[in-house]
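What follows is entry_37.pdb (PDB, C-alpha atoms, pLDDT in the B column).
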```
ATOM      1  CA  MET A 465      -7.049 -12.754  -2.639  1.00 58.00           C
ATOM      2  CA  ASP A 466      -7.286  -9.008  -3.136  1.00 87.00           C
ATOM      3  CA  ILE A 467      -6.355  -8.905  -6.800  1.00 94.00           C
ATOM      4  CA  LYS A 468      -8.507  -8.711  -9.901  1.00 96.00           C
ATOM      5  CA  VAL A 469      -7.082  -9.708 -13.279  1.00 97.00           C
ATOM      6  CA  HIS A 470      -9.112  -9.138 -16.424  1.00 96.00           C
ATOM      7  CA  VAL A 471      -7.680  -9.773 -19.897  1.00 96.00           C
ATOM      8  CA  ARG A 472      -9.373  -8.406 -23.008  1.00 94.00           C
ATOM      9  CA  GLU A 473      -8.489  -8.058 -26.673  1.00 92.00           C
ATOM     10  CA  SER A 474      -8.707  -4.553 -28.019  1.00 85.00           C
ATOM     11  CA  GLU A 475      -9.824  -3.739 -31.568  1.00 77.00           C
ATOM     12  CA  ASP A 476      -6.312  -2.742 -32.646  1.00 75.00           C
ATOM     13  CA  ASP A 477      -4.651  -6.148 -32.140  1.00 76.00           C
ATOM     14  CA  ALA A 478      -3.359  -5.304 -28.661  1.00 86.00           C
ATOM     15  CA  TYR A 479      -4.202  -7.129 -25.466  1.00 95.00           C
ATOM     16  CA  VAL A 480      -5.106  -5.246 -22.328  1.00 97.00           C
ATOM     17  CA  VAL A 481      -4.453  -6.727 -18.892  1.00 98.00           C
ATOM     18  CA  GLU A 482      -6.588  -4.814 -16.438  1.00 98.00           C
ATOM     19  CA  LEU A 483      -5.447  -5.190 -12.828  1.00 98.00           C
ATOM     20  CA  GLY A 484      -7.167  -4.085  -9.653  1.00 97.00           C
ATOM     21  CA  GLY A 485      -6.365  -4.313  -5.949  1.00 97.00           C
ATOM     22  CA  GLU A 486      -2.990  -5.056  -4.418  1.00 96.00           C
ATOM     23  CA  ILE A 487      -0.018  -6.659  -6.162  1.00 97.00           C
ATOM     24  CA  ASP A 488       2.316  -8.128  -3.568  1.00 95.00           C
ATOM     25  CA  VAL A 489       4.261 -11.298  -2.801  1.00 94.00           C
ATOM     26  CA  TYR A 490       0.967 -13.166  -2.328  1.00 95.00           C
ATOM     27  CA  THR A 491      -0.984 -11.947  -5.354  1.00 96.00           C
ATOM     28  CA  SER A 492       1.756 -11.392  -7.949  1.00 96.00           C
ATOM     29  CA  PRO A 493       1.834 -15.079  -9.065  1.00 96.00           C
ATOM     30  CA  LYS A 494      -1.727 -14.613 -10.403  1.00 97.00           C
ATOM     31  CA  VAL A 495      -0.624 -11.552 -12.400  1.00 98.00           C
ATOM     32  CA  LYS A 496       2.408 -13.442 -13.686  1.00 97.00           C
ATOM     33  CA  GLU A 497       0.189 -16.332 -14.788  1.00 97.00           C
ATOM     34  CA  ALA A 498      -2.060 -14.022 -16.851  1.00 97.00           C
ATOM     35  CA  ILE A 499       0.860 -12.236 -18.537  1.00 97.00           C
ATOM     36  CA  THR A 500       2.745 -15.470 -19.201  1.00 97.00           C
ATOM     37  CA  GLU A 501      -0.355 -17.054 -20.755  1.00 97.00           C
ATOM     38  CA  LEU A 502      -0.768 -14.139 -23.187  1.00 97.00           C
ATOM     39  CA  ILE A 503       2.897 -14.254 -24.199  1.00 97.00           C
ATOM     40  CA  ASP A 504       2.774 -18.046 -24.617  1.00 97.00           C
ATOM     41  CA  GLN A 505      -0.188 -17.525 -26.970  1.00 96.00           C
ATOM     42  CA  GLY A 506       1.983 -15.230 -29.103  1.00 95.00           C
ATOM     43  CA  HIS A 507       0.699 -11.822 -27.979  1.00 95.00           C
ATOM     44  CA  TYR A 508       3.691  -9.531 -27.678  1.00 95.00           C
ATOM     45  CA  ASN A 509       2.113  -6.070 -27.575  1.00 95.00           C
ATOM     46  CA  LEU A 510       0.500  -5.579 -24.204  1.00 97.00           C
ATOM     47  CA  VAL A 511      -1.107  -2.773 -22.278  1.00 97.00           C
ATOM     48  CA  ILE A 512      -1.178  -3.345 -18.527  1.00 98.00           C
ATOM     49  CA  ASN A 513      -3.720  -1.086 -16.895  1.00 98.00           C
ATOM     50  CA  LEU A 514      -2.815  -0.288 -13.279  1.00 98.00           C
ATOM     51  CA  GLU A 515      -5.477   2.398 -12.771  1.00 97.00           C
ATOM     52  CA  LYS A 516      -7.351   0.315 -10.195  1.00 97.00           C
ATOM     53  CA  VAL A 517      -4.215  -0.933  -8.441  1.00 97.00           C
ATOM     54  CA  ARG A 518      -3.885   0.503  -4.946  1.00 95.00           C
ATOM     55  CA  TYR A 519      -0.530  -1.037  -4.075  1.00 96.00           C
ATOM     56  CA  ILE A 520       2.453  -2.680  -5.775  1.00 97.00           C
ATOM     57  CA  ASP A 521       5.683  -4.017  -4.276  1.00 96.00           C
ATOM     58  CA  SER A 522       8.973  -5.269  -5.711  1.00 96.00           C
ATOM     59  CA  THR A 523       7.549  -8.705  -6.527  1.00 95.00           C
ATOM     60  CA  GLY A 524       4.839  -6.991  -8.616  1.00 97.00           C
ATOM     61  CA  LEU A 525       7.463  -4.855 -10.332  1.00 96.00           C
ATOM     62  CA  GLY A 526       9.465  -8.037 -10.969  1.00 96.00           C
ATOM     63  CA  VAL A 527       6.498  -9.612 -12.765  1.00 96.00           C
ATOM     64  CA  LEU A 528       6.089  -6.538 -15.007  1.00 97.00           C
ATOM     65  CA  ILE A 529       9.836  -6.452 -15.766  1.00 96.00           C
ATOM     66  CA  GLY A 530       9.811 -10.193 -16.546  1.00 96.00           C
ATOM     67  CA  GLY A 531       6.900  -9.709 -18.954  1.00 97.00           C
ATOM     68  CA  LEU A 532       8.609  -6.798 -20.678  1.00 96.00           C
ATOM     69  CA  LYS A 533      11.825  -8.788 -21.126  1.00 96.00           C
ATOM     70  CA  ARG A 534       9.943 -11.683 -22.711  1.00 97.00           C
ATOM     71  CA  VAL A 535       7.906  -9.588 -25.177  1.00 96.00           C
ATOM     72  CA  ARG A 536      10.988  -7.602 -26.189  1.00 96.00           C
ATOM     73  CA  GLU A 537      12.652 -10.853 -27.264  1.00 96.00           C
ATOM     74  CA  HIS A 538       9.858 -11.041 -29.870  1.00 95.00           C
ATOM     75  CA  GLY A 539       9.984  -7.371 -30.871  1.00 95.00           C
ATOM     76  CA  GLY A 540       6.995  -6.427 -28.719  1.00 95.00           C
ATOM     77  CA  THR A 541       6.518  -4.089 -25.816  1.00 95.00           C
ATOM     78  CA  VAL A 542       4.512  -3.461 -22.646  1.00 97.00           C
ATOM     79  CA  ASN A 543       2.926  -0.084 -21.981  1.00 97.00           C
ATOM     80  CA  LEU A 544       1.470   0.757 -18.598  1.00 98.00           C
ATOM     81  CA  VAL A 545      -1.503   2.897 -17.647  1.00 98.00           C
ATOM     82  CA  CYS A 546      -0.928   4.441 -14.239  1.00 97.00           C
ATOM     83  CA  THR A 547      -2.494   7.444 -12.549  1.00 96.00           C
ATOM     84  CA  ASN A 548      -1.953   6.640  -8.841  1.00 96.00           C
ATOM     85  CA  PRO A 549       0.748   9.073  -7.594  1.00 96.00           C
ATOM     86  CA  GLN A 550       2.097   6.607  -4.999  1.00 95.00           C
ATOM     87  CA  ILE A 551       2.578   3.906  -7.645  1.00 97.00           C
ATOM     88  CA  LYS A 552       4.073   6.399 -10.095  1.00 96.00           C
ATOM     89  CA  LYS A 553       6.520   7.337  -7.342  1.00 96.00           C
ATOM     90  CA  ILE A 554       7.671   3.700  -7.059  1.00 96.00           C
ATOM     91  CA  PHE A 555       8.334   3.605 -10.816  1.00 96.00           C
ATOM     92  CA  ASP A 556      10.254   6.879 -10.464  1.00 96.00           C
ATOM     93  CA  ILE A 557      12.387   5.728  -7.512  1.00 95.00           C
ATOM     94  CA  THR A 558      13.319   2.460  -9.203  1.00 95.00           C
ATOM     95  CA  GLY A 559      14.071   4.116 -12.553  1.00 94.00           C
ATOM     96  CA  LEU A 560      11.450   1.976 -14.279  1.00 95.00           C
ATOM     97  CA  VAL A 561       9.912   5.111 -15.829  1.00 94.00           C
ATOM     98  CA  LYS A 562      12.798   4.922 -18.297  1.00 94.00           C
ATOM     99  CA  ILE A 563      12.081   1.289 -19.179  1.00 95.00           C
ATOM    100  CA  PHE A 564       8.297   1.216 -19.472  1.00 96.00           C
ATOM    101  CA  GLY A 565       6.068   3.521 -21.434  1.00 95.00           C
ATOM    102  CA  ILE A 566       3.779   4.940 -18.740  1.00 97.00           C
ATOM    103  CA  PHE A 567       0.552   6.643 -19.799  1.00 98.00           C
ATOM    104  CA  ASP A 568      -2.336   8.428 -18.101  1.00 97.00           C
ATOM    105  CA  ASP A 569      -4.993   6.614 -20.119  1.00 96.00           C
ATOM    106  CA  GLU A 570      -5.498   3.418 -22.063  1.00 95.00           C
ATOM    107  CA  ALA A 571      -5.995   5.166 -25.415  1.00 94.00           C
ATOM    108  CA  GLY A 572      -2.536   6.757 -25.165  1.00 95.00           C
ATOM    109  CA  ALA A 573      -0.930   3.457 -24.141  1.00 96.00           C
ATOM    110  CA  LYS A 574      -2.531   1.588 -27.055  1.00 94.00           C
ATOM    111  CA  LYS A 575      -1.702   4.305 -29.564  1.00 93.00           C
ATOM    112  CA  ALA A 576       1.978   4.138 -28.559  1.00 93.00           C
ATOM    113  CA  LEU A 577       2.053   0.386 -29.293  1.00 89.00           C
ATOM    114  CA  ALA A 578       1.279   0.954 -32.960  1.00 73.00           C
TER
ATOM    115  CA  MET B 954      21.399  29.846  14.262  1.00 60.00           C
ATOM    116  CA  ASN B 955      20.838  26.102  14.575  1.00 66.00           C
ATOM    117  CA  LEU B 956      17.559  25.172  16.189  1.00 68.00           C
ATOM    118  CA  PRO B 957      17.714  22.309  18.703  1.00 69.00           C
ATOM    119  CA  GLU B 958      16.395  18.930  17.548  1.00 67.00           C
ATOM    120  CA  PRO B 959      12.848  18.281  18.812  1.00 68.00           C
ATOM    121  CA  ARG B 960      12.929  16.028  21.868  1.00 82.00           C
ATOM    122  CA  SER B 961      11.648  12.561  21.228  1.00 87.00           C
ATOM    123  CA  GLU B 962       9.546  10.673  23.720  1.00 93.00           C
ATOM    124  CA  HIS B 963       8.917   6.942  23.708  1.00 94.00           C
ATOM    125  CA  LEU B 964       5.203   6.263  23.257  1.00 95.00           C
ATOM    126  CA  GLY B 965       5.251   2.489  23.279  1.00 96.00           C
ATOM    127  CA  THR B 966       6.376  -0.751  21.658  1.00 97.00           C
ATOM    128  CA  VAL B 967       4.124  -2.979  19.575  1.00 98.00           C
ATOM    129  CA  GLU B 968       5.174  -6.518  18.715  1.00 97.00           C
ATOM    130  CA  LEU B 969       3.535  -8.612  16.020  1.00 97.00           C
ATOM    131  CA  ARG B 970       4.376 -12.172  15.012  1.00 97.00           C
ATOM    132  CA  ILE B 971       3.109 -13.404  11.638  1.00 97.00           C
ATOM    133  CA  PRO B 972       3.551 -16.750   9.897  1.00 96.00           C
ATOM    134  CA  SER B 973       6.378 -16.567   7.351  1.00 94.00           C
ATOM    135  CA  LYS B 974       3.998 -16.950   4.410  1.00 94.00           C
ATOM    136  CA  PRO B 975       3.102 -14.529   1.584  1.00 95.00           C
ATOM    137  CA  GLU B 976      -0.579 -14.325   2.572  1.00 95.00           C
ATOM    138  CA  TRP B 977       0.307 -12.792   5.961  1.00 96.00           C
ATOM    139  CA  VAL B 978       2.471  -9.920   4.721  1.00 96.00           C
ATOM    140  CA  ALA B 979      -0.590  -7.695   4.202  1.00 96.00           C
ATOM    141  CA  VAL B 980      -1.417  -8.073   7.916  1.00 97.00           C
ATOM    142  CA  ALA B 981       1.999  -6.691   8.926  1.00 97.00           C
ATOM    143  CA  ARG B 982       1.635  -3.886   6.393  1.00 96.00           C
ATOM    144  CA  LEU B 983      -1.772  -2.817   7.683  1.00 96.00           C
ATOM    145  CA  ALA B 984      -0.801  -3.129  11.346  1.00 97.00           C
ATOM    146  CA  VAL B 985       2.227  -0.882  10.876  1.00 97.00           C
ATOM    147  CA  ALA B 986       0.057   1.624   8.977  1.00 96.00           C
ATOM    148  CA  ALA B 987      -2.346   1.721  11.929  1.00 97.00           C
ATOM    149  CA  ILE B 988       0.568   2.291  14.318  1.00 97.00           C
ATOM    150  CA  ALA B 989       2.063   5.031  12.120  1.00 96.00           C
ATOM    151  CA  ASN B 990      -1.364   6.697  12.058  1.00 95.00           C
ATOM    152  CA  ARG B 991      -0.879   7.571  15.718  1.00 94.00           C
ATOM    153  CA  LEU B 992       1.952   9.939  14.726  1.00 96.00           C
ATOM    154  CA  PRO B 993       1.541  13.016  12.541  1.00 96.00           C
ATOM    155  CA  PHE B 994       2.865  11.256   9.429  1.00 97.00           C
ATOM    156  CA  SER B 995       1.467  12.366   6.061  1.00 97.00           C
ATOM    157  CA  VAL B 996      -0.538   9.856   3.995  1.00 96.00           C
ATOM    158  CA  GLU B 997       2.452   9.553   1.637  1.00 96.00           C
ATOM    159  CA  GLU B 998       4.852   8.812   4.511  1.00 97.00           C
ATOM    160  CA  ILE B 999       2.540   6.081   5.797  1.00 97.00           C
ATOM    161  CA  GLU B1000       2.354   4.554   2.308  1.00 96.00           C
ATOM    162  CA  ASP B1001       6.176   4.609   2.179  1.00 97.00           C
ATOM    163  CA  LEU B1002       6.387   2.828   5.519  1.00 98.00           C
ATOM    164  CA  LYS B1003       3.791   0.218   4.497  1.00 97.00           C
ATOM    165  CA  LEU B1004       5.790  -0.656   1.408  1.00 97.00           C
ATOM    166  CA  ALA B1005       9.088  -0.750   3.330  1.00 98.00           C
ATOM    167  CA  ILE B1006       7.638  -3.165   5.931  1.00 98.00           C
ATOM    168  CA  ALA B1007       6.165  -5.401   3.253  1.00 97.00           C
ATOM    169  CA  GLU B1008       9.497  -5.511   1.433  1.00 97.00           C
ATOM    170  CA  ALA B1009      11.284  -6.464   4.663  1.00 96.00           C
ATOM    171  CA  CYS B1010       8.792  -9.283   5.362  1.00 96.00           C
ATOM    172  CA  THR B1011       9.090 -10.471   1.752  1.00 95.00           C
ATOM    173  CA  ILE B1012      12.891 -10.636   2.081  1.00 93.00           C
ATOM    174  CA  CYS B1013      12.507 -12.687   5.307  1.00 92.00           C
ATOM    175  CA  ILE B1014      10.187 -15.132   3.512  1.00 92.00           C
ATOM    176  CA  GLN B1015      12.363 -15.384   0.406  1.00 88.00           C
ATOM    177  CA  GLN B1016      15.573 -15.842   2.381  1.00 85.00           C
ATOM    178  CA  GLY B1017      14.240 -18.098   5.075  1.00 78.00           C
ATOM    179  CA  GLY B1018      11.582 -20.073   3.270  1.00 62.00           C
ATOM    180  CA  SER B1019       7.974 -20.408   4.284  1.00 60.00           C
ATOM    181  CA  GLY B1020       6.617 -22.170   7.318  1.00 66.00           C
ATOM    182  CA  GLN B1021       8.203 -20.372  10.270  1.00 90.00           C
ATOM    183  CA  SER B1022       7.452 -16.920  11.654  1.00 94.00           C
ATOM    184  CA  ILE B1023       8.495 -13.286  11.357  1.00 95.00           C
ATOM    185  CA  ASP B1024       8.558 -10.795  14.233  1.00 95.00           C
ATOM    186  CA  VAL B1025       7.721  -7.149  13.506  1.00 97.00           C
ATOM    187  CA  ILE B1026       8.647  -4.920  16.464  1.00 97.00           C
ATOM    188  CA  CYS B1027       7.650  -1.260  16.309  1.00 97.00           C
ATOM    189  CA  ASP B1028       9.195   1.245  18.704  1.00 97.00           C
ATOM    190  CA  VAL B1029       7.009   4.317  18.522  1.00 97.00           C
ATOM    191  CA  GLU B1030       8.483   7.691  19.465  1.00 96.00           C
ATOM    192  CA  THR B1031       6.929  11.127  19.102  1.00 96.00           C
ATOM    193  CA  THR B1032       9.314  12.005  16.255  1.00 96.00           C
ATOM    194  CA  HIS B1033       9.755   8.674  14.499  1.00 97.00           C
ATOM    195  CA  VAL B1034       8.966   4.994  14.357  1.00 97.00           C
ATOM    196  CA  ARG B1035      11.656   2.296  14.349  1.00 97.00           C
ATOM    197  CA  VAL B1036      10.601  -1.061  12.952  1.00 97.00           C
ATOM    198  CA  ASP B1037      12.635  -4.220  13.485  1.00 96.00           C
ATOM    199  CA  VAL B1038      11.694  -7.081  11.165  1.00 96.00           C
ATOM    200  CA  ARG B1039      13.381 -10.395  11.973  1.00 93.00           C
ATOM    201  CA  ASP B1040      12.886 -14.043  11.118  1.00 91.00           C
ATOM    202  CA  HIS B1041      12.649 -17.055  13.472  1.00 84.00           C
ATOM    203  CA  ARG B1042      16.346 -17.897  13.068  1.00 80.00           C
ATOM    204  CA  TYR B1043      17.283 -14.528  14.466  1.00 73.00           C
ATOM    205  CA  ARG B1044      14.964 -15.074  17.446  1.00 70.00           C
ATOM    206  CA  GLU B1045      16.375 -18.535  18.153  1.00 72.00           C
ATOM    207  CA  ARG B1046      19.914 -17.172  18.058  1.00 69.00           C
ATOM    208  CA  ALA B1047      19.017 -14.235  20.300  1.00 68.00           C
ATOM    209  CA  GLU B1048      17.396 -16.597  22.823  1.00 71.00           C
ATOM    210  CA  GLY B1049      20.603 -18.647  22.784  1.00 69.00           C
ATOM    211  CA  GLY B1050      22.634 -15.545  23.661  1.00 66.00           C
ATOM    212  CA  ALA B1051      24.158 -15.103  20.184  1.00 61.00           C
ATOM    213  CA  PRO B1052      25.219 -11.654  18.867  1.00 54.00           C
ATOM    214  CA  ARG B1053      22.342  -9.276  18.178  1.00 57.00           C
ATOM    215  CA  ARG B1054      22.858  -8.746  14.482  1.00 57.00           C
ATOM    216  CA  PRO B1055      23.846 -11.155  11.695  1.00 50.00           C
ATOM    217  CA  ALA B1056      27.348 -10.356  10.528  1.00 47.00           C
ATOM    218  CA  VAL B1057      26.786 -10.721   6.782  1.00 46.00           C
ATOM    219  CA  THR B1058      24.948  -7.904   5.055  1.00 51.00           C
ATOM    220  CA  ALA B1059      23.997  -9.159   1.624  1.00 52.00           C
ATOM    221  CA  VAL B1060      20.774 -10.066  -0.091  1.00 49.00           C
ATOM    222  CA  GLU B1061      21.448 -11.984  -3.253  1.00 49.00           C
ATOM    223  CA  GLY B1062      19.041 -11.241  -6.051  1.00 48.00           C
ATOM    224  CA  GLU B1063      16.790  -9.117  -3.851  1.00 52.00           C
ATOM    225  CA  GLY B1064      18.320  -5.754  -4.621  1.00 78.00           C
ATOM    226  CA  LEU B1065      15.054  -4.099  -5.609  1.00 91.00           C
ATOM    227  CA  GLY B1066      13.426  -4.724  -2.220  1.00 93.00           C
ATOM    228  CA  ILE B1067      16.430  -3.407  -0.281  1.00 93.00           C
ATOM    229  CA  PHE B1068      16.731  -0.484  -2.662  1.00 94.00           C
ATOM    230  CA  LEU B1069      13.080   0.460  -2.091  1.00 96.00           C
ATOM    231  CA  ILE B1070      13.397   0.249   1.700  1.00 97.00           C
ATOM    232  CA  GLN B1071      16.486   2.461   1.586  1.00 95.00           C
ATOM    233  CA  ALA B1072      14.690   4.995  -0.609  1.00 96.00           C
ATOM    234  CA  LEU B1073      11.475   5.073   1.430  1.00 97.00           C
ATOM    235  CA  THR B1074      12.866   5.185   4.980  1.00 98.00           C
ATOM    236  CA  ASP B1075      15.396   7.438   6.701  1.00 97.00           C
ATOM    237  CA  GLU B1076      17.665   4.725   8.114  1.00 96.00           C
ATOM    238  CA  LEU B1077      18.160   1.051   7.350  1.00 95.00           C
ATOM    239  CA  GLU B1078      20.420  -1.568   8.890  1.00 93.00           C
ATOM    240  CA  TYR B1079      20.150  -5.126   7.705  1.00 91.00           C
ATOM    241  CA  GLY B1080      21.795  -8.477   7.902  1.00 88.00           C
ATOM    242  CA  VAL B1081      20.946 -11.520   5.845  1.00 81.00           C
ATOM    243  CA  ASP B1082      22.597 -14.899   6.132  1.00 77.00           C
ATOM    244  CA  PRO B1083      21.197 -18.334   5.262  1.00 72.00           C
ATOM    245  CA  GLN B1084      22.364 -19.803   8.595  1.00 73.00           C
ATOM    246  CA  LEU B1085      22.342 -16.827  10.943  1.00 76.00           C
ATOM    247  CA  GLY B1086      18.995 -15.382   9.976  1.00 83.00           C
ATOM    248  CA  THR B1087      17.518 -12.196   8.553  1.00 89.00           C
ATOM    249  CA  GLN B1088      16.974  -8.894  10.309  1.00 91.00           C
ATOM    250  CA  LEU B1089      16.082  -5.475   8.885  1.00 94.00           C
ATOM    251  CA  VAL B1090      15.792  -2.440  11.146  1.00 95.00           C
ATOM    252  CA  MET B1091      14.392   0.734   9.643  1.00 97.00           C
ATOM    253  CA  THR B1092      13.508   4.176  10.944  1.00 97.00           C
ATOM    254  CA  LYS B1093      10.962   6.574   9.475  1.00 98.00           C
ATOM    255  CA  ARG B1094      10.935  10.133  10.820  1.00 97.00           C
ATOM    256  CA  VAL B1095       7.899  12.386  10.844  1.00 96.00           C
ATOM    257  CA  GLY B1096       8.176  15.067   8.160  1.00 92.00           C
ATOM    258  CA  ALA B1097      11.716  14.071   7.111  1.00 84.00           C
TER
END
```
Once more with this new file: its structure as structure tokens, please.
Amino acid sequence: MDIKVHVRESEDDAYVVELGGEIDVYTSPKVKEAITELIDQGHYNLVINLEKVRYIDSTGLGVLIGGLKRVREHGGTVNLVCTNPQIKKIFDITGLVKIFGIFDDEAGAKKALA
Amino acid sequence: MNLPEPRSEHLGTVELRIPSKPEWVAVARLAVAAIANRLPFSVEEIEDLKLAIAEACTICIQQGGSGQSIDVICDVETTHVRVDVRDHRYRERAEGGAPRRPAVTAVEGEGLGIFLIQALTDELEYGVDPQLGTQLVMTKRVGA
């Protein structure tokens, strides 16, 4: 499975989900599992770092949207870190740039959670 | 003055059959990228095509369930590539002499995938029906 999921707690009470590889119909359930587990544990302010993601499709976008909807129900939010132009283009085309906070680095994404 | 359209020449047809399972979608994606590499597409255009093919295969799996197969047929021309993605139900109907394209064109709950394919390719025709089968035919032109 060409997906890497690493979850870590940051010093400012936010959780960072670091993803790497390809998020598609095969790998997105693993991403969903990690995000769902954090939300179930009561963590509603998340940074999802897509810097090492080479590819994302609509099922991957669906997982991110699902996570955002759930944290918003608890007053939280999801900020993304994304520098890959092809992936940024997908967020642009789908209009998701207006829904997610998208940042060039993790520090900016975490700062915006506060 | 209008310049004439560049003449297109058929370079070949490549047919790929993958199991209708999520783990095989990446194979279709990479195969189509390798085919598109034979034309002067930009890296960005090839990435667009890869995503469009993967979305089409994903729709076939989601609409038809796992366990059967998906055909990916690439007609390669000098100016464009036309990719026909169809599930096993379509093939069985075609072998039985049924009409070429499913009559119903709707994908319930899968709007994002269709939307992406439409945005990333130059032409899309599709038909999705639980009984008749799923078929998506897309064209990507070089430098469009």
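Relative to CA of Arg982 (chain B), CA of Leu964 (chain B) is found at 20.0 Å.
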So how many Å separate CA of Val511 (chain A) and CA of Lys468 (chain A), to one decimal? 15.6 Å
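Across the structure, CA of Asp488 (chain A) and CA of Leu577 (chain A) are spaced 27.1 Å apart.
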Set the distance at 10 Å and use all atoms listed in the file: which residues neighbour Ala1097 (chain B) once local chain neighbours fewer than 4 positions away are removed? I'd like the list as a PyMOL selection string. chain B and resi 994+998+1032-1033+1074-1075+1093
Here's the selection I'm unsure about, the PyMOL selection byres ((chain B and resi 967-969) around 7); applied to the file above, which residues does it give, as a JSON list (two decimals) with C-alpha atoms, keeping the file's coordinate frame?
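After the write, result.json holds the following:
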```json
[["chain", "number", "residue", "atom", "x", "y", "z"],
["B", 965, "GLY", "CA", 5.25, 2.49, 23.28],
["B", 966, "THR", "CA", 6.38, -0.75, 21.66],
["B", 970, "ARG", "CA", 4.38, -12.17, 15.01],
["B", 971, "ILE", "CA", 3.11, -13.40, 11.64],
["B", 1024, "ASP", "CA", 8.56, -10.80, 14.23],
["B", 1025, "VAL", "CA", 7.72, -7.15, 13.51],
["B", 1026, "ILE", "CA", 8.65, -4.92, 16.46],
["B", 1027, "CYS", "CA", 7.65, -1.26, 16.31],
["B", 1028, "ASP", "CA", 9.20, 1.25, 18.70]]
```
Residues of chain A within 8 Å of chain B, counting only C-alpha atoms, as a ChimeraX atom specification: /A:489-490,521-522,550,557-558
What do you get, as a VMD selection string, if you spell out every residue that the PyMOL selection byres ((chain A and resi 539) around 12) selects here? chain A and resid 503 506 to 510 532 to 538 540 to 542 577
On this file, the PyMOL selection byres ((chain B and resi 988) around 10) gives some set of residues; write that set as an NGL selection string. :B and (966-967 or 983-987 or 989-992 or 999 or 1027-1029 or 1034)
